[in-house]
Structures are given as C-alpha cells and as structure tokens.
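S.K.: my_file-v2.cif is reproduced below (mmCIF, C-alpha atoms).
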data_protein
loop_
_atom_site.label_atom_id
_atom_site.label_comp_id
_atom_site.auth_asym_id
_atom_site.auth_seq_id
_atom_site.Cartn_x
_atom_site.Cartn_y
_atom_site.Cartn_z
CA MET A 1 12.17 -1.26 -30.01
CA SER A 2 15.01 -2.62 -32.16
CA THR A 3 18.61 -2.54 -31.03
CA GLU A 4 19.42 0.10 -33.63
CA GLY A 5 16.43 2.21 -32.61
CA GLY A 6 17.31 1.88 -28.94
CA LEU A 7 20.88 3.01 -29.62
CA GLU A 8 19.62 6.03 -31.53
CA ALA A 9 17.35 6.98 -28.61
CA VAL A 10 20.23 6.73 -26.14
CA ASN A 11 22.54 8.78 -28.38
CA GLU A 12 19.88 11.44 -28.80
CA ALA A 13 19.32 11.59 -25.03
CA HIS A 14 23.08 11.94 -24.47
CA ALA A 15 23.26 14.77 -27.01
CA GLN A 16 20.40 16.53 -25.23
CA GLN A 17 22.13 16.11 -21.87
CA ARG A 18 25.32 17.63 -23.25
CA GLU A 19 23.28 20.54 -24.61
CA VAL A 20 21.81 21.14 -21.13
CA LEU A 21 25.35 21.32 -19.72
CA ARG A 22 26.44 23.68 -22.50
CA GLN A 23 23.54 26.04 -21.85
CA ALA A 24 24.15 25.93 -18.11
CA SER A 25 27.80 26.79 -18.77
CA ILE A 26 26.77 29.87 -20.76
CA ALA A 27 24.41 30.98 -17.97
CA LEU A 28 27.29 30.59 -15.49
CA HIS A 29 29.66 32.78 -17.51
CA ASP A 30 31.43 29.92 -19.30
CA ARG A 31 32.27 27.94 -16.18
CA VAL A 32 32.82 24.22 -16.80
CA VAL A 33 29.60 22.39 -15.88
CA THR A 34 29.81 18.61 -15.37
CA LEU A 35 27.47 15.68 -14.74
CA TRP A 36 28.73 13.04 -12.28
CA GLU A 37 27.42 9.69 -11.08
CA ILE A 38 28.30 8.11 -7.73
CA SER A 39 29.93 4.72 -8.36
CA PRO A 40 29.55 1.60 -6.15
CA ASP A 41 32.95 2.50 -4.66
CA GLY A 42 31.66 5.90 -3.53
CA ASP A 43 33.56 7.90 -6.16
CA ALA A 44 32.17 10.58 -8.47
CA THR A 45 32.51 9.45 -12.08
CA CYS A 46 32.33 12.09 -14.81
CA LEU A 47 29.64 11.22 -17.37
CA PHE A 48 29.40 14.37 -19.48
CA SER A 49 30.82 17.88 -19.41
CA SER A 50 30.26 21.20 -21.13
CA VAL A 51 33.83 21.06 -22.49
CA PRO A 52 34.97 18.79 -25.33
CA ASN A 53 37.78 17.27 -23.28
CA PRO A 54 36.47 16.24 -19.83
CA GLN A 55 39.94 15.23 -18.59
CA GLN A 56 40.70 18.40 -16.65
CA PRO A 57 40.66 19.36 -12.95
CA ASP A 58 37.33 21.23 -13.13
CA THR A 59 35.54 17.99 -14.12
CA GLU A 60 36.86 16.00 -11.14
CA LEU A 61 34.39 16.55 -8.31
CA ASN A 62 35.96 17.08 -4.90
CA LEU A 63 33.65 15.04 -2.66
CA ASP A 64 35.36 16.22 0.53
CA LEU A 65 34.55 19.86 -0.27
CA THR A 66 30.99 19.09 -1.40
CA LEU A 67 28.80 16.12 -0.49
CA ARG A 68 30.83 14.86 2.47
CA GLN A 69 31.27 18.34 3.92
CA TRP A 70 27.53 19.00 3.67
CA GLY A 71 26.56 15.61 5.09
CA ALA A 72 24.82 14.47 1.90
CA PRO A 73 24.81 10.65 1.51
CA LEU A 74 26.84 9.07 -1.30
CA ILE A 75 24.00 7.08 -2.85
CA GLN A 76 25.07 4.65 -5.55
CA GLN A 77 24.00 5.72 -9.06
CA SER A 78 22.77 9.11 -7.83
CA ARG A 79 23.75 11.91 -10.18
CA TRP A 80 24.94 15.44 -9.50
CA VAL A 81 25.58 18.43 -11.73
CA GLY A 82 27.92 21.23 -10.71
CA CYS A 83 30.88 23.49 -11.28
CA ARG A 84 33.69 25.25 -9.47
CA LEU A 85 32.96 28.85 -8.57
CA GLY A 86 36.54 30.07 -8.50
CA ASP A 87 40.19 29.29 -7.97
CA GLY A 88 39.69 29.06 -4.20
CA GLY A 89 38.20 25.59 -4.44
CA ARG A 90 34.56 26.57 -3.81
CA TRP A 91 32.06 24.25 -5.47
CA CYS A 92 28.37 24.50 -6.28
CA VAL A 93 26.45 21.31 -7.06
CA ALA A 94 22.82 20.23 -7.31
CA PRO A 95 21.21 16.78 -7.49
CA VAL A 96 19.69 15.40 -10.67
CA ARG A 97 15.99 14.89 -9.98
CA VAL A 98 12.71 14.46 -11.84
CA ARG A 99 10.73 16.94 -9.72
CA PRO A 100 11.50 20.51 -8.69
CA ALA A 101 13.18 20.99 -5.33
CA ALA A 102 11.04 21.75 -2.29
CA PRO A 103 10.33 25.44 -1.61
CA PRO A 104 12.62 27.33 0.76
CA PRO A 105 12.01 26.82 4.50
CA HIS A 106 10.61 29.53 6.73
CA PRO A 107 10.34 32.45 6.51
CA PRO A 108 8.22 31.85 3.41
CA GLY A 109 9.21 33.52 0.20
CA VAL A 110 12.85 34.08 1.17
CA GLU A 111 15.11 32.45 -1.43
CA ARG A 112 18.54 31.78 0.04
CA ARG A 113 19.97 29.80 -2.86
CA SER A 114 22.50 31.61 -5.00
CA ARG A 115 21.99 32.37 -8.68
CA GLU A 116 24.56 29.69 -9.52
CA ARG A 117 22.72 27.10 -7.42
CA MET A 118 19.39 27.96 -9.07
CA VAL A 119 20.92 27.50 -12.53
CA LEU A 120 22.30 24.11 -11.53
CA GLU A 121 18.97 23.10 -9.91
CA LEU A 122 17.22 23.74 -13.22
CA ALA A 123 19.97 21.92 -15.12
CA GLY A 124 19.64 18.94 -12.76
CA LEU A 125 15.87 18.90 -13.26
CA SER A 126 16.29 18.95 -17.05
CA LEU A 127 18.87 16.15 -16.90
CA GLY A 128 16.58 14.08 -14.70
CA VAL A 129 13.67 14.35 -17.10
CA LEU A 130 15.90 13.51 -20.06
CA GLY A 131 17.37 10.58 -18.15
CA ILE A 132 13.94 8.92 -17.97
CA ALA A 133 13.87 8.52 -21.75
CA ALA A 134 17.44 7.22 -21.80
CA GLY A 135 16.66 4.75 -19.01
CA ALA A 136 13.89 3.15 -21.06
CA SER A 137 16.51 1.45 -23.23
CA ARG A 138 18.60 0.01 -20.42
CA PRO A 139 18.87 -3.79 -20.23
CA ARG A 140 16.75 -5.67 -17.75
CA LEU A 141 18.20 -6.62 -14.39
CA PRO A 142 18.84 -10.21 -13.37
CA PRO A 143 15.86 -11.69 -11.47
CA VAL A 144 17.40 -11.34 -7.98
CA ASP A 145 18.46 -7.74 -8.59
CA ALA A 146 15.11 -6.97 -10.17
CA LEU A 147 13.27 -8.27 -7.11
CA ARG A 148 15.40 -6.12 -4.83
CA GLU A 149 14.86 -3.09 -7.08
CA LEU A 150 11.12 -3.64 -7.12
CA ALA A 151 11.08 -3.88 -3.33
CA ARG A 152 12.50 -0.36 -3.23
CA GLN A 153 9.96 1.12 -5.63
CA PRO A 154 6.86 2.77 -4.17
CA SER A 155 4.81 1.35 -7.04
CA VAL A 156 5.41 -2.17 -5.71
CA ILE A 157 4.10 -1.27 -2.28
CA ALA A 158 1.04 0.38 -3.78
CA HIS A 159 -1.13 -2.28 -2.21
CA GLU A 160 0.21 -1.14 1.17
CA VAL A 161 -1.64 2.14 0.66
CA GLY A 162 -4.82 0.32 1.52
CA ASN A 163 -3.46 -0.53 4.97
CA PRO A 164 -2.92 3.07 6.13
CA LEU A 165 -6.35 4.01 4.79
CA ALA A 166 -7.95 1.09 6.61
CA VAL A 167 -6.11 1.96 9.82
CA ALA A 168 -7.12 5.61 9.51
CA LEU A 169 -10.75 4.64 9.07
CA GLY A 170 -10.46 2.21 11.98
CA ASN A 171 -9.12 4.94 14.25
CA LEU A 172 -11.91 7.21 13.13
CA ASP A 173 -14.53 4.56 13.93
CA LEU A 174 -13.02 4.01 17.38
CA SER A 175 -13.09 7.73 18.08
CA LEU A 176 -16.69 8.04 16.92
CA ASP A 177 -17.73 5.06 19.05
CA ALA A 178 -16.07 6.65 22.06
CA LEU A 179 -17.91 9.91 21.41
CA ARG A 180 -21.25 8.09 21.11
CA ASP A 181 -20.77 6.10 24.33
CA ALA A 182 -19.42 8.93 26.47
CA SER A 183 -22.01 10.70 28.60
CA THR A 184 -19.59 13.40 29.70
CA LEU A 185 -16.36 14.72 28.28
CA ASP A 186 -13.65 16.05 30.53
CA PRO A 187 -10.88 18.20 29.03
CA ARG A 188 -8.25 15.44 29.04
CA PHE A 189 -10.56 12.98 27.32
CA ARG A 190 -11.49 15.58 24.72
CA ALA A 191 -7.81 16.38 24.11
CA GLN A 192 -7.06 12.69 23.57
CA LEU A 193 -9.88 12.40 21.06
CA LEU A 194 -8.67 15.46 19.19
CA ASP A 195 -5.18 13.96 19.12
CA ASP A 196 -6.56 10.70 17.72
CA LEU A 197 -8.42 12.55 15.00
CA ALA A 198 -5.28 14.49 14.13
CA ASN A 199 -3.44 11.18 13.73
CA VAL A 200 -6.23 9.97 11.45
CA ALA A 201 -5.78 13.05 9.28
CA ASP A 202 -2.02 12.42 9.14
CA GLY A 203 -2.62 8.81 8.07
CA ILE A 204 -5.00 9.75 5.29
CA GLU A 205 -2.67 12.47 4.08
CA GLN A 206 0.27 10.08 3.98
CA ALA A 207 -1.72 7.52 2.03
CA ALA A 208 -2.74 10.24 -0.42
CA ASP A 209 0.91 11.25 -0.80
CA TYR A 210 1.79 7.65 -1.65
CA LEU A 211 -0.90 7.58 -4.29
CA ARG A 212 0.22 10.87 -5.81
CA SER A 213 3.84 9.74 -5.91
CA ILE A 214 2.87 6.51 -7.66
CA GLN A 215 0.65 8.28 -10.17
CA ASP A 216 3.18 11.00 -10.96
CA ARG A 217 6.25 8.78 -11.25
CA PRO A 218 6.76 7.18 -14.69
CA PHE A 219 7.58 3.48 -14.75
CA GLY A 220 11.33 2.98 -14.59
CA ALA A 221 12.03 6.47 -13.20
CA PRO A 222 14.24 6.82 -10.13
CA GLY A 223 12.23 5.79 -7.09
CA THR A 224 13.70 8.20 -4.56
CA GLN A 225 12.47 11.63 -3.52
CA LEU A 226 15.56 13.12 -1.92
CA GLY A 227 15.36 16.09 0.41
CA ARG A 228 15.52 17.22 4.03
CA PHE A 229 12.87 15.77 6.34
CA ASP A 230 12.17 15.76 10.05
CA VAL A 231 12.50 12.24 11.48
CA THR A 232 10.08 12.66 14.40
CA PRO A 233 6.83 13.14 12.42
CA VAL A 234 7.73 10.21 10.18
CA VAL A 235 8.22 7.89 13.16
CA ARG A 236 5.09 9.20 14.89
CA SER A 237 3.00 8.60 11.76
CA CYS A 238 4.43 5.12 11.23
CA VAL A 239 3.78 4.04 14.83
CA THR A 240 0.26 5.49 14.74
CA LEU A 241 -0.63 3.62 11.58
CA GLU A 242 0.91 0.32 12.68
CA ARG A 243 -0.55 0.38 16.23
CA PRO A 244 -4.08 -0.90 15.37
CA LEU A 245 -2.64 -3.74 13.28
CA ALA A 246 -0.34 -4.68 16.15
CA ARG A 247 -3.24 -4.50 18.59
CA LYS A 248 -5.13 -7.11 16.56
CA ARG A 249 -2.17 -9.42 17.16
CA GLY A 250 -2.31 -8.73 20.89
CA VAL A 251 0.81 -6.55 20.78
CA ALA A 252 1.07 -3.08 22.31
CA LEU A 253 3.18 -0.75 20.16
CA LYS A 254 4.85 2.07 22.08
CA TRP A 255 7.44 4.70 21.26
CA HIS A 256 9.66 7.08 23.18
CA SER A 257 11.67 9.98 21.80
CA SER A 258 14.11 12.34 23.47
CA VAL A 259 14.41 14.25 20.19
CA ASP A 260 12.08 17.15 19.38
CA ALA A 261 13.23 17.61 15.79
CA VAL A 262 16.19 16.38 13.79
CA TYR A 263 16.55 16.51 10.02
CA LEU A 264 18.08 13.84 7.80
CA TYR A 265 18.73 14.00 4.06
CA GLY A 266 17.23 11.29 1.91
CA ASP A 267 13.84 9.85 1.01
CA ALA A 268 11.31 10.11 3.85
CA GLY A 269 9.28 7.33 2.21
CA ALA A 270 12.29 5.02 2.26
CA PHE A 271 12.87 5.80 5.95
CA TYR A 272 9.20 5.05 6.60
CA GLN A 273 9.59 1.72 4.77
CA VAL A 274 12.60 0.81 6.92
CA LEU A 275 10.71 1.45 10.16
CA THR A 276 7.59 -0.34 8.91
CA ASN A 277 9.58 -3.48 8.12
CA LEU A 278 11.27 -3.48 11.52
CA ILE A 279 8.01 -2.93 13.40
CA ARG A 280 6.14 -5.65 11.52
CA ASN A 281 8.96 -8.13 12.04
CA ALA A 282 8.94 -7.32 15.76
CA VAL A 283 5.16 -7.81 15.93
CA ASP A 284 5.42 -11.11 14.05
CA ALA A 285 8.05 -12.31 16.54
CA SER A 286 5.88 -11.42 19.56
CA SER A 287 3.64 -14.32 20.54
CA ALA A 288 3.25 -13.87 24.31
CA PRO A 289 -0.01 -12.39 25.66
CA LYS A 290 0.17 -8.62 26.20
CA ALA A 291 3.47 -8.43 24.35
CA ILE A 292 5.10 -5.03 23.90
CA VAL A 293 7.13 -3.66 20.98
CA THR A 294 8.99 -0.43 21.70
CA VAL A 295 10.41 2.11 19.27
CA THR A 296 12.92 4.59 20.71
CA ILE A 297 14.74 7.57 19.21
CA GLU A 298 17.66 9.39 20.76
CA GLN A 299 20.47 11.63 19.63
CA GLN A 300 24.06 10.98 20.68
CA GLY A 301 26.28 13.75 19.39
CA ASP A 302 26.11 13.71 15.59
CA THR A 303 24.39 10.32 15.49
CA LEU A 304 20.69 9.49 15.55
CA LYS A 305 19.89 6.12 17.16
CA LEU A 306 16.61 4.41 16.37
CA ALA A 307 15.85 1.09 18.06
CA VAL A 308 12.97 -1.37 17.68
CA GLN A 309 12.76 -3.85 20.57
CA ASP A 310 10.53 -6.86 21.06
CA HIS A 311 10.34 -9.60 23.69
CA GLY A 312 9.45 -12.39 21.32
CA VAL A 313 10.96 -15.61 20.07
CA GLY A 314 14.39 -14.14 19.29
CA ILE A 315 16.81 -15.24 16.58
CA ALA A 316 18.77 -18.45 16.66
CA PRO A 317 22.56 -17.84 16.77
CA GLU A 318 23.13 -19.75 13.52
CA ASN A 319 20.65 -17.45 11.71
CA ARG A 320 21.83 -14.12 13.09
CA LYS A 321 24.48 -13.59 10.42
CA ARG A 322 22.07 -14.44 7.61
CA ILE A 323 19.00 -12.39 8.44
CA PHE A 324 20.08 -9.54 6.12
CA GLU A 325 20.71 -11.87 3.16
CA GLU A 326 18.32 -11.56 0.24
CA GLY A 327 15.86 -14.43 0.14
CA PHE A 328 16.67 -15.74 3.63
CA THR A 329 13.66 -16.14 5.93
CA THR A 330 12.64 -18.35 8.81
CA LYS A 331 8.94 -17.67 8.25
CA PRO A 332 6.65 -20.36 6.81
CA PRO A 333 6.10 -20.38 3.02
CA GLY A 334 3.84 -17.53 1.95
CA LYS A 335 4.52 -15.54 5.12
CA GLY A 336 7.80 -13.89 4.16
CA SER A 337 9.93 -13.24 1.07
CA GLY A 338 13.29 -12.67 2.77
CA ILE A 339 13.56 -9.27 1.07
CA GLY A 340 12.43 -6.93 3.86
CA LEU A 341 15.55 -6.87 6.04
CA ALA A 342 17.82 -6.88 2.99
CA VAL A 343 16.10 -3.70 1.80
CA VAL A 344 16.28 -2.23 5.33
CA LYS A 345 20.05 -2.72 5.40
CA GLU A 346 20.53 -1.39 1.87
CA ILE A 347 18.51 1.79 2.51
CA THR A 348 20.21 2.35 5.88
CA GLN A 349 23.71 2.04 4.44
CA ASN A 350 23.41 3.39 0.90
CA MET A 351 20.89 6.20 1.37
CA PHE A 352 21.58 7.39 4.91
CA GLY A 353 25.18 6.26 5.35
CA GLY A 354 24.28 4.48 8.58
CA THR A 355 24.59 1.06 10.16
CA ILE A 356 22.16 -1.51 11.53
CA GLU A 357 22.93 -3.96 14.32
CA VAL A 358 20.86 -6.66 15.99
CA GLU A 359 21.02 -8.08 19.50
CA SER A 360 18.93 -11.17 20.11
CA THR A 361 18.44 -13.90 22.65
CA PRO A 362 16.28 -16.94 21.83
CA ASP A 363 12.94 -16.87 23.67
CA ALA A 364 13.79 -13.42 25.12
CA GLY A 365 13.53 -11.04 22.17
CA SER A 366 15.49 -8.92 19.72
CA THR A 367 16.56 -5.31 19.34
CA PHE A 368 17.38 -3.80 15.95
CA THR A 369 19.34 -0.56 16.25
CA LEU A 370 19.97 1.94 13.46
CA GLU A 371 22.77 4.50 13.84
CA LEU A 372 22.42 7.29 11.29
CA PRO A 373 24.83 10.21 10.90
CA ILE A 374 23.09 13.57 11.30
CA PRO A 375 24.02 16.12 8.61
CA PRO A 376 24.56 19.78 9.58
CA GLN A 377 21.23 21.25 10.72
CA ARG A 378 19.85 24.57 9.49
CA ARG A 379 19.46 27.21 12.14
#
Hey, can you dump this file as structure tokens for me?
M.R.:
Amino acid sequence: MSTEGGLEAVNEAHAQQREVLRQASIALHDRVVTLWEISPDGDATCLFSSVPNPQQPDTELNLDLTLRQWGAPLIQQSRWVGCRLGDGGRWCVAPVRVRPAAPPPHPPGVERRSRERMVLELAGLSLGVLGIAAGASRPRLPPVDALRELARQPSVIAHEVGNPLAVALGNLDLSLDALRDASTLDPRFRAQLLDDLANVADGIEQAADYLRSIQDRPFGAPGTQLGRFDVTPVVRSCVTLERPLARKRGVALKWHSSVDAVYLYGDAGAFYQVLTNLIRNAVDASSAPKAIVTVTIEQQGDTLKLAVQDHGVGIAPENRKRIFEEGFTTKPPGKGSGIGLAVVKEITQNMFGGTIEVESTPDAGSTFTLELPIPPQRR
C-alpha cells in the first residue's frame, strides 16, 4: 500500500470512528461520547469525541471516579469509550474490544447492565473492529519492541498448544494404564482417576480455546481478551498441564491454595503465560534428585500473593538486578531467549497493576512472588 493510500485508509477509519461516537451520542440523548486511550504515563488521552470541539470538561475522563474506583487496570494503549451521566459526576464507560463482552454471570439471563452501558459496549465493539483496519497502516516496531510484542501475542505461542495436548494425552494414557493394571478399585482410587480424567478434559479444552483464539484473531489485532476471571482454575489447569513435563525432569510440581475463588480483571491467557514462564524457569533451575517446585496462592487483604519456589541453583547476586531485562539470560545458547521474565514483569505491572519480587540464594533456590491488587468482587 502506498503512503497516500495508507493515509486515506487511516482518515477513512477515523471518520468512521467519529461517526460511531456521533450515533452513540444520539442514542444517549445527545450526551457527549468520547474515545480515550491510556498513555504510558497512566493518563486518559482524548482521541475523538462526538462534539466538534473536544476541549471541554465532558471529554476529560475522571480516572479516579471510573477505572481506579472499579479496580480496572490502567493498561497502556487500551482504549475506553464513555460519557458522563449527569452533573453529579457519575460516569459510564466501556472498553474498546474486538469481541462482544462475556454474558452476564449467574443467574443466567439476568442483564444487570444499564441501557447506557449497553450502548457504550456496542460502541466500543464497533470502534474495536474499525481499529483493526486503521492499525494495518501503522509503522513497524523496532526489532527489540517487535520481539517483545510478539512474545505477548497468542499466535506466537501457537506451537505451545501442542504441549498441553500432548500432556493431556499423556495423562489419559497413564489413567488408562492404571485402569488396565488394577484388579480392584476402591472408592478413593476411583475418585482419583475421575479427578485425573477431569484434568485431562480441562487441558484439552484449554488447548482448544487457544486454537480458537488464534484462528479468530486477525493478524495485528489487539492480543488481549480482557474480562473477569477466577484465578484458582487457571492456576490449577497450569499446574496440571506442567506437572508431567516437570516429572520427566525429575521434579515434583506441587501447589497449595488458601483461596477458594478470587476474581481478577485482565486476560486469563496472559496470567496463564506468566505462571507457565515462572514454573518452567523453576523446573529448569532444579537439578537435584527428587527436586520440588511449589506454587502457592494466598490472599492478604486486598492483595493476591502468588509464589513459585524452587530449591535449585539460585541466582548469582550480580545477575539478580538484570533477570527482568529483555534479552538477558544465563542459559546456554538455544536454551533461552531472555524474553520470558521481561514479559512476566510487563504483564504483571501493566495489565494487573501488580509487582514481582525475587528472593534467591545461590545453590539453595529462588522464590518469585507476585502481588496483585484484587478489584472489588461481585457478590
């Protein structure tokens, strides 16, 4: 596409986005409807508005009365569409996305979103779809930034889909072998087998979800699927799928949770990727016979703490400050890219608004601890 043609495509997309805001404004009784983008500094920058002159109070999003109050993370370059509902300062906003929002939670069929929120949800969906076409003309990223961006995209980890499928089939084979060899089945043994088969089903379903997300997501579209998700099933699934691979390395993978259910807001796939990277690094660092890697989850007030602990080689003091740098790795050539922990830190901070810390002693092991703020929970 020529430069002139690319500029025309961008201008056309911008005109269409403004038209979406204008129509949303009419549906909301001529309220000012605005499109914002979260800047690297964590501010909401006005991109377009339904009014000709966007320099007015109704186009300046009050983050304290919206995203921060609701516990939504301020993700860089995420976009939001919204309006003020009245003079009292009440706001209604919705994220810009490329897929419809998830259906309402239980009880099924009960829609609790207001008419204004539904209008903005549809506007955000329209803007997201239009943004794909506009994004096709954006300039390419520098190589380092491109590598980091690719590491975040599910399409790049498509080959990883084969691992969960292989693990699921491996678990199924183990269960079938146990059934063939067992002459009697007591209730506890049968319950364990049923639990294993349930984990197999979860693994296959997760792999299928990865495939569907890759197939449905156009190249260059935003890679995140934002929404509420329960942390516990994600961790359980990740540990279950990684356990057979760890066992082949002579490492026992265990997990403990004092949390029954706690919901975060973000991309469950990104959270899964964070935990997978930490677990695999811990397994790689564990060389002693019968080594153990432990994943723990606990809630402390409004903070969720997730820790991955190993008793392996540890991290040298001079390397501890560099382990989250892009491209830095102590693994042999071909064994590590130095991108994994950089992506872990970026997702933890930018998507979930959390922190990651590491404690390590050479030849004694390391513990990576994530502290994630818990948004208000639905009751």
S.K.: When you count only C-alpha atoms, which of these residues is closest to A:Glu121: A:Cys92, A:Val262, A:Ile279, A:Ile374?
M.R.: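 Among A:Cys92, A:Val262, A:Ile279, A:Ile374, it is A:Cys92 that comes nearest to A:Glu121.
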S.K.: How would you write, as JSON, numbers by chain, the residues chosen by the PyMOL selection byres ((chain A and resi 93-103) around 7) on this structure?
M.R.: {"A": [79, 80, 81, 82, 83, 91, 92, 104, 105, 117, 120, 121, 124, 125, 127, 128, 129]}
S.K.: Those same residues - C-alpha atoms - I'd like them written as a PDB file, in the coordinates of the input.
M.R.:
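Writing done, so here's result.pdb:
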ATOM      1  CA  ARG A  79      23.750  11.910 -10.180  1.00  0.00           C
ATOM      2  CA  TRP A  80      24.940  15.440  -9.500  1.00  0.00           C
ATOM      3  CA  VAL A  81      25.580  18.430 -11.730  1.00  0.00           C
ATOM      4  CA  GLY A  82      27.920  21.230 -10.710  1.00  0.00           C
ATOM      5  CA  CYS A  83      30.880  23.490 -11.280  1.00  0.00           C
ATOM      6  CA  TRP A  91      32.060  24.250  -5.470  1.00  0.00           C
ATOM      7  CA  CYS A  92      28.370  24.500  -6.280  1.00  0.00           C
ATOM      8  CA  PRO A 104      12.620  27.330   0.760  1.00  0.00           C
ATOM      9  CA  PRO A 105      12.010  26.820   4.500  1.00  0.00           C
ATOM     10  CA  ARG A 117      22.720  27.100  -7.420  1.00  0.00           C
ATOM     11  CA  LEU A 120      22.300  24.110 -11.530  1.00  0.00           C
ATOM     12  CA  GLU A 121      18.970  23.100  -9.910  1.00  0.00           C
ATOM     13  CA  GLY A 124      19.640  18.940 -12.760  1.00  0.00           C
ATOM     14  CA  LEU A 125      15.870  18.900 -13.260  1.00  0.00           C
ATOM     15  CA  LEU A 127      18.870  16.150 -16.900  1.00  0.00           C
ATOM     16  CA  GLY A 128      16.580  14.080 -14.700  1.00  0.00           C
ATOM     17  CA  VAL A 129      13.670  14.350 -17.100  1.00  0.00           C
TER      18      VAL A 129
END
S.K.: Expanded to explicit residues, what is the PyMOL selection byres ((chain A and resi 257) around 7) for this file, as JSON, numbers by chain?
M.R.: {"A": [255, 256, 258, 259, 296, 297, 298]}
S.K.: Produce a file of the selected residues containing C-alpha atoms, as a PDB file, in the frame of the given file.
M.R.:
ATOM      1  CA  TRP A 255       7.440   4.700  21.260  1.00  0.00           C
ATOM      2  CA  HIS A 256       9.660   7.080  23.180  1.00  0.00           C
ATOM      3  CA  SER A 258      14.110  12.340  23.470  1.00  0.00           C
ATOM      4  CA  VAL A 259      14.410  14.250  20.190  1.00  0.00           C
ATOM      5  CA  THR A 296      12.920   4.590  20.710  1.00  0.00           C
ATOM      6  CA  ILE A 297      14.740   7.570  19.210  1.00  0.00           C
ATOM      7  CA  GLU A 298      17.660   9.390  20.760  1.00  0.00           C
TER       8      GLU A 298
END
S.K.: Residues at most 12 Å from A:Gly86, counting all atoms listed in the file, excluding those fewer than 4 positions away in the same chain, as a list in words?
M.R.: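 My reading of the contact set: Leu28, His29, Asp30, Arg31, Val32, Asp58, Arg90, Trp91 and Cys92 of chain A.
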S.K.: Is there a way to get, as a list in words, all residues within 10 Å of the point (15.1, -3.2, 4.4) in file coordinates, counting all atoms listed in the file?
M.R.: Arg148, Ala151, Arg152, Ala270, Phe271, Gln273, Val274, Leu275, Thr276, Asn277, Leu278, Phe324, Glu326, Gly338, Ile339, Gly340, Leu341, Ala342, Val343, Val344, Lys345, Glu346, Ile347 and Thr348 of chain A
S.K.: Include C-alpha atoms and write out the residues we just selected as an mmCIF file, in the coordinates of the input.
M.R.:
data_model
loop_
_atom_site.group_PDB
_atom_site.id
_atom_site.type_symbol
_atom_site.label_atom_id
_atom_site.label_comp_id
_atom_site.auth_asym_id
_atom_site.auth_seq_id
_atom_site.Cartn_x
_atom_site.Cartn_y
_atom_site.Cartn_z
ATOM 1 C CA ARG A 148 15.400 -6.120 -4.830
ATOM 2 C CA ALA A 151 11.080 -3.880 -3.330
ATOM 3 C CA ARG A 152 12.500 -0.360 -3.230
ATOM 4 C CA ALA A 270 12.290 5.020 2.260
ATOM 5 C CA PHE A 271 12.870 5.800 5.950
ATOM 6 C CA GLN A 273 9.590 1.720 4.770
ATOM 7 C CA VAL A 274 12.600 0.810 6.920
ATOM 8 C CA LEU A 275 10.710 1.450 10.160
ATOM 9 C CA THR A 276 7.590 -0.340 8.910
ATOM 10 C CA ASN A 277 9.580 -3.480 8.120
ATOM 11 C CA LEU A 278 11.270 -3.480 11.520
ATOM 12 C CA PHE A 324 20.080 -9.540 6.120
ATOM 13 C CA GLU A 326 18.320 -11.560 0.240
ATOM 14 C CA GLY A 338 13.290 -12.670 2.770
ATOM 15 C CA ILE A 339 13.560 -9.270 1.070
ATOM 16 C CA GLY A 340 12.430 -6.930 3.860
ATOM 17 C CA LEU A 341 15.550 -6.870 6.040
ATOM 18 C CA ALA A 342 17.820 -6.880 2.990
ATOM 19 C CA VAL A 343 16.100 -3.700 1.800
ATOM 20 C CA VAL A 344 16.280 -2.230 5.330
ATOM 21 C CA LYS A 345 20.050 -2.720 5.400
ATOM 22 C CA GLU A 346 20.530 -1.390 1.870
ATOM 23 C CA ILE A 347 18.510 1.790 2.510
ATOM 24 C CA THR A 348 20.210 2.350 5.880
#
S.K.: Would you compute the distance between atom CA of A:Glu357 and atom CA of A:Leu304? Give it in Å to one decimal.
M.R.: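 Interatomic distance, atom CA of A:Glu357 to atom CA of A:Leu304: 13.7 Å.
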S.K.: Missing atoms in stretch 11-26 of chain A should be modelled up to N, CA and C atoms and reported as a compact mmCIF listing (two decimals), keeping the file's coordinate frame.
M.R.:
# COMPACT_ATOMS: atom_id res chain seq x y z
N ASN A 11 21.64 7.75 -27.86
CA ASN A 11 22.54 8.78 -28.38
C ASN A 11 21.87 10.15 -28.41
N GLU A 12 20.60 10.16 -28.78
CA GLU A 12 19.88 11.44 -28.80
C GLU A 12 19.74 12.02 -27.40
N ALA A 13 19.44 11.13 -26.41
CA ALA A 13 19.32 11.59 -25.03
C ALA A 13 20.66 12.14 -24.53
N HIS A 14 21.77 11.46 -24.88
CA HIS A 14 23.08 11.94 -24.47
C HIS A 14 23.39 13.30 -25.09
N ALA A 15 23.03 13.47 -26.36
CA ALA A 15 23.26 14.77 -27.01
C ALA A 15 22.45 15.87 -26.33
N GLN A 16 21.23 15.55 -25.92
CA GLN A 16 20.40 16.53 -25.23
C GLN A 16 20.98 16.87 -23.86
N GLN A 17 21.52 15.86 -23.17
CA GLN A 17 22.13 16.11 -21.87
C GLN A 17 23.35 17.01 -22.00
N ARG A 18 24.15 16.77 -23.02
CA ARG A 18 25.32 17.63 -23.25
C ARG A 18 24.88 19.07 -23.57
N GLU A 19 23.77 19.20 -24.29
CA GLU A 19 23.28 20.54 -24.61
C GLU A 19 22.81 21.27 -23.34
N VAL A 20 22.20 20.53 -22.41
CA VAL A 20 21.81 21.14 -21.13
C VAL A 20 23.05 21.67 -20.40
N LEU A 21 24.12 20.88 -20.39
CA LEU A 21 25.35 21.32 -19.72
C LEU A 21 25.96 22.52 -20.43
N ARG A 22 25.89 22.54 -21.75
CA ARG A 22 26.44 23.68 -22.50
C ARG A 22 25.66 24.96 -22.18
N GLN A 23 24.33 24.85 -22.14
CA GLN A 23 23.54 26.04 -21.85
C GLN A 23 23.75 26.51 -20.41
N ALA A 24 23.87 25.56 -19.49
CA ALA A 24 24.15 25.93 -18.11
C ALA A 24 25.50 26.63 -18.00
N SER A 25 26.47 26.16 -18.76
CA SER A 25 27.80 26.79 -18.77
C SER A 25 27.72 28.24 -19.23
N ILE A 26 26.93 28.49 -20.27
CA ILE A 26 26.77 29.87 -20.76
C ILE A 26 26.12 30.75 -19.69
